[in-house]
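K.L.:
The structure is given below, and queries will be raised subsequently.
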Amino acid sequence: MTETVELGGLKGQGPLPFILLVPRATGPERVPIEGTLLVGKHPSNDVVIDDTGISRYHLEIRAEPDRVLVRDVGSKNGTFYDGARITEVRVGPGAKVRVGGPAGLELAIELAMQPVFAPSEATHFGPLLGHSRAMRTVFTILERAAPSAATILVHGETGTGKELVAQAIHQASPRRAGPFVVIDCGAIPHQLIESELFGHRRGAFTDAHEDRKGAFELAHGGTLFLDEIGELPIDLQPKLLRAVESRTIQRVGDGQRREVDVRLIAATHRDLAGEVTQKRFRQDLYFRLAVVTVHLPPLRERSDDVLHLARHILEQLGSPGLLEQDPSIRESLLSYGWPGNVRELRNAIERAIHLGAEHAIPRVAGPTSSPHQRPLESSPEPNSPDLPFKEAKEQIISGFERIYVARLMERHGGNISAAAREAGIDRNYLYRLLKKHELEH
């Protein structure tokens, strides 16, 4: 049986044990979220809050596998999350919602058993660098998890360094002398993924001219890194689940199961818990992969690291004094939102060296622009020659999403339900797009 350990060291099986922290005069009340809780003034609620601004029946809170659904049930003064009034939102550990107005009573969602990890004293873990508290907390998790045999799920936006994390874990593990094998689940055609993972027998399909080992066998004695696991087709997920649980695989066209000894690390930029809710990712596979979960913060959330990373990259590229030569470069680096994260930072610095900073370093367009956003008109160019195909494609899609959603919401005056109906997408998905691109609604 495989344990599930959430970031912070929680151990258990099945859905995560969430609690609701309700402020009381004698101190916070800790209410287990089991099933659905109804919150409001009326005595028939599961959680009764007799406070100014709270409706008789205000909101309901329902536990899901790795998230909590918070739904306003028609309250007069509203429910707010991240400063915005919401009708429904799915949140994770550490989230806070306010009831009775934007400055109303704060309710917190936490894990029932969540030890707090102190940030590591180290400012690097293998090739990963970070002086910020967020990254040094990640280093603490990696320092503890790397020597173990635990399966690890790395979550982070494109360009945050998920493969570097996997390499660093491998190098810090007892398997460092073994192979490190990478499979990008989003870059392999559907019809070939099973063969790439598990191998095939000669004659199993057209062009199968000889027996071939798959990634699991090639990684025997070492580490297998499954990048973009969220792209794995749903029909192949049961086969991966069996391989993860039994540590045996079966080649395509072969009736024999073979034992494999691998340490598994998976990564995704998707919200896998949300994918589970939408039935696009198997819950049992999710929990088998998320034995230890590591969340890599985007660069915009660790601005303390931008200049440190820039100096390190400049030293690697043989131009160590560039930041000190032109103060405007430092200002540009700190004011930009870095949607492409560390990878984009490196590309920008390389362009600065070869083309000049005034042409290569992204700059915020206009005094009213958010430092986390590109101007609405500046979608990525489809012929970006300095990015791999996959990253260029993702930036183009991201740019399209932001422009489309912004104009959609403008047409509907911020009404998420109406906008989602016109677009033909789920309200929760639209809300995630708004959060992803930091658009007001």
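FYI, nothing fancy with the structure tokens labels: chains A, B, ... in order, residues from 1 per chain, ligands from 1 as they appear.
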Enumerate as a PDB file with N, CA and C atoms, in the first residue's frame all residues of range 106-194 of chain A assigned to strand (DSSP E or B) by DSSP on the backbone, naming them with the chain letters and numbers the document uses.

P.N.:
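Heads up, here's the output in selection.pdb:
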ATOM      1  N   GLU A 106     -12.870  36.151   8.428  1.00  0.00           N
ATOM      2  CA  GLU A 106     -11.981  35.302   7.631  1.00  0.00           C
ATOM      3  C   GLU A 106     -12.060  33.852   8.084  1.00  0.00           C
ATOM      4  N   LEU A 107     -12.358  32.963   7.138  1.00  0.00           N
ATOM      5  CA  LEU A 107     -12.359  31.527   7.383  1.00  0.00           C
ATOM      6  C   LEU A 107     -11.167  30.930   6.638  1.00  0.00           C
ATOM      7  N   ALA A 108     -10.456  30.019   7.270  1.00  0.00           N
ATOM      8  CA  ALA A 108      -9.250  29.443   6.660  1.00  0.00           C
ATOM      9  C   ALA A 108      -9.436  27.950   6.417  1.00  0.00           C
ATOM     10  N   ILE A 109      -8.883  27.474   5.319  1.00  0.00           N
ATOM     11  CA  ILE A 109      -8.877  26.051   4.972  1.00  0.00           C
ATOM     12  C   ILE A 109      -7.470  25.522   5.226  1.00  0.00           C
ATOM     13  N   GLU A 110      -7.348  24.500   6.047  1.00  0.00           N
ATOM     14  CA  GLU A 110      -6.040  23.936   6.346  1.00  0.00           C
ATOM     15  C   GLU A 110      -6.113  22.418   6.313  1.00  0.00           C
ATOM     16  N   LEU A 111      -4.949  21.788   6.277  1.00  0.00           N
ATOM     17  CA  LEU A 111      -4.876  20.341   6.445  1.00  0.00           C
ATOM     18  C   LEU A 111      -4.917  20.022   7.930  1.00  0.00           C
ATOM     19  N   HIS A 124      20.790  26.782  -2.487  1.00  0.00           N
ATOM     20  CA  HIS A 124      20.750  26.006  -3.719  1.00  0.00           C
ATOM     21  C   HIS A 124      20.515  24.543  -3.366  1.00  0.00           C
ATOM     22  N   PHE A 125      19.984  23.824  -4.325  1.00  0.00           N
ATOM     23  CA  PHE A 125      19.850  22.373  -4.216  1.00  0.00           C
ATOM     24  C   PHE A 125      20.225  21.828  -5.585  1.00  0.00           C
ATOM     25  N   LEU A 128      19.557  24.020  -8.755  1.00  0.00           N
ATOM     26  CA  LEU A 128      18.497  24.973  -8.418  1.00  0.00           C
ATOM     27  C   LEU A 128      19.039  26.049  -7.492  1.00  0.00           C
ATOM     28  N   LEU A 129      18.707  27.302  -7.791  1.00  0.00           N
ATOM     29  CA  LEU A 129      19.153  28.425  -6.978  1.00  0.00           C
ATOM     30  C   LEU A 129      17.955  29.168  -6.422  1.00  0.00           C
ATOM     31  N   ILE A 152       7.552  11.221  -6.318  1.00  0.00           N
ATOM     32  CA  ILE A 152       7.426  12.666  -6.139  1.00  0.00           C
ATOM     33  C   ILE A 152       6.683  13.268  -7.316  1.00  0.00           C
ATOM     34  N   LEU A 153       5.737  14.160  -7.017  1.00  0.00           N
ATOM     35  CA  LEU A 153       5.026  14.928  -8.033  1.00  0.00           C
ATOM     36  C   LEU A 153       5.469  16.376  -7.927  1.00  0.00           C
ATOM     37  N   VAL A 154       6.018  16.905  -9.020  1.00  0.00           N
ATOM     38  CA  VAL A 154       6.496  18.291  -9.059  1.00  0.00           C
ATOM     39  C   VAL A 154       5.493  19.110  -9.859  1.00  0.00           C
ATOM     40  N   HIS A 155       4.985  20.154  -9.236  1.00  0.00           N
ATOM     41  CA  HIS A 155       4.017  21.013  -9.916  1.00  0.00           C
ATOM     42  C   HIS A 155       4.613  22.402 -10.095  1.00  0.00           C
ATOM     43  N   PHE A 180      19.144   8.077 -15.580  1.00  0.00           N
ATOM     44  CA  PHE A 180      18.093   9.076 -15.411  1.00  0.00           C
ATOM     45  C   PHE A 180      17.401   9.196 -16.768  1.00  0.00           C
ATOM     46  N   VAL A 181      16.162   8.725 -16.835  1.00  0.00           N
ATOM     47  CA  VAL A 181      15.438   8.637 -18.104  1.00  0.00           C
ATOM     48  C   VAL A 181      14.262   9.614 -18.076  1.00  0.00           C
ATOM     49  N   VAL A 182      14.114  10.366 -19.157  1.00  0.00           N
ATOM     50  CA  VAL A 182      13.063  11.384 -19.255  1.00  0.00           C
ATOM     51  C   VAL A 182      12.080  11.001 -20.352  1.00  0.00           C
ATOM     52  N   ILE A 183      10.786  11.049 -20.019  1.00  0.00           N
ATOM     53  CA  ILE A 183       9.721  10.879 -21.002  1.00  0.00           C
ATOM     54  C   ILE A 183       8.800  12.088 -20.902  1.00  0.00           C
ATOM     55  N   ASP A 184       8.615  12.797 -22.012  1.00  0.00           N
ATOM     56  CA  ASP A 184       7.705  13.935 -22.058  1.00  0.00           C
ATOM     57  C   ASP A 184       6.363  13.445 -22.576  1.00  0.00           C
TER      58      ASP A 184
END

K.L.:
Can you pull out every residue within 12 Å of Ser246 in chain A, counting only C-alpha atoms, but drop anything in the same chain fewer than 4 positions away, and send it as a count of residues only?

P.N.:
14

K.L.:
Would you mind listing what lies within 10 Å of Arg330 in chain A as a list in words, with only C-alpha atoms counted and same-chain residues fewer than 4 positions away left out?

P.N.:
Val306, Leu307, Ala310, Leu322, Leu323, Glu324, Gln325, Asp326, Leu334, Ser335 and Ile361 of chain A

K.L.:
Restricting the calculation to only C-alpha atoms: of A:Ala187, A:Leu345, A:Ile19, A:Leu192, which residue gets closest to Phe205 in chain A?

P.N.:
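Comparing A:Ala187, A:Leu345, A:Ile19, A:Leu192 against Phe205 in chain A, the winner is A:Leu192.
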
K.L.:
So what do you get for CA of Gly101 in chain A versus CA of Gly74 in chain A, distance-wise?

P.N.:
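Taking CA of Gly101 in chain A as the start and CA of Gly74 in chain A as the end point, the length is 13.2 Å.
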
K.L.:
What lies within 12 Å of Ser120 in chain A using only C-alpha atoms, ignoring chain neighbours under 3 positions off, as JSON, numbers by chain?

P.N.:
{"A": [117, 123, 124, 125, 130, 131, 132, 133, 134, 135, 136, 137, 138, 139, 140, 141, 142, 143, 144]}

K.L.:
Quick one: residues within 9 Å of Lys162 in chain A, only C-alpha atoms, excluding same-chain residues fewer than 6 positions away - as a PyMOL selection string?

P.N.:
chain A and resi 154-156+227+267-268+296

K.L.:
Write out the residues from the selection above, keeping N, CA, C and O atoms, as a PDB file, in the first residue's frame.

P.N.:
ATOM      1  N   VAL A 154       6.018  16.905  -9.020  1.00  0.00           N
ATOM      2  CA  VAL A 154       6.496  18.291  -9.059  1.00  0.00           C
ATOM      3  C   VAL A 154       5.493  19.110  -9.859  1.00  0.00           C
ATOM      4  O   VAL A 154       5.197  18.789 -11.018  1.00  0.00           O
ATOM      5  N   HIS A 155       4.985  20.154  -9.236  1.00  0.00           N
ATOM      6  CA  HIS A 155       4.017  21.013  -9.916  1.00  0.00           C
ATOM      7  C   HIS A 155       4.613  22.402 -10.095  1.00  0.00           C
ATOM      8  O   HIS A 155       5.202  22.956  -9.172  1.00  0.00           O
ATOM      9  N   GLY A 156       4.477  22.954 -11.284  1.00  0.00           N
ATOM     10  CA  GLY A 156       4.971  24.304 -11.521  1.00  0.00           C
ATOM     11  C   GLY A 156       4.674  24.745 -12.934  1.00  0.00           C
ATOM     12  O   GLY A 156       4.469  23.927 -13.835  1.00  0.00           O
ATOM     13  N   ASP A 227       7.616  13.768 -17.469  1.00  0.00           N
ATOM     14  CA  ASP A 227       7.278  15.185 -17.564  1.00  0.00           C
ATOM     15  C   ASP A 227       5.890  15.351 -18.179  1.00  0.00           C
ATOM     16  O   ASP A 227       5.473  14.552 -19.017  1.00  0.00           O
ATOM     17  N   ALA A 267       5.916  15.269 -13.251  1.00  0.00           N
ATOM     18  CA  ALA A 267       5.788  16.725 -13.202  1.00  0.00           C
ATOM     19  C   ALA A 267       4.636  17.167 -14.085  1.00  0.00           C
ATOM     20  O   ALA A 267       4.284  16.492 -15.065  1.00  0.00           O
ATOM     21  N   THR A 268       4.055  18.306 -13.749  1.00  0.00           N
ATOM     22  CA  THR A 268       2.953  18.857 -14.543  1.00  0.00           C
ATOM     23  C   THR A 268       2.830  20.345 -14.295  1.00  0.00           C
ATOM     24  O   THR A 268       3.190  20.840 -13.231  1.00  0.00           O
ATOM     25  N   LEU A 296       6.608  24.282  -7.181  1.00  0.00           N
ATOM     26  CA  LEU A 296       7.631  25.259  -7.537  1.00  0.00           C
ATOM     27  C   LEU A 296       6.973  26.621  -7.751  1.00  0.00           C
ATOM     28  O   LEU A 296       6.112  26.757  -8.628  1.00  0.00           O
TER      29      LEU A 296
END
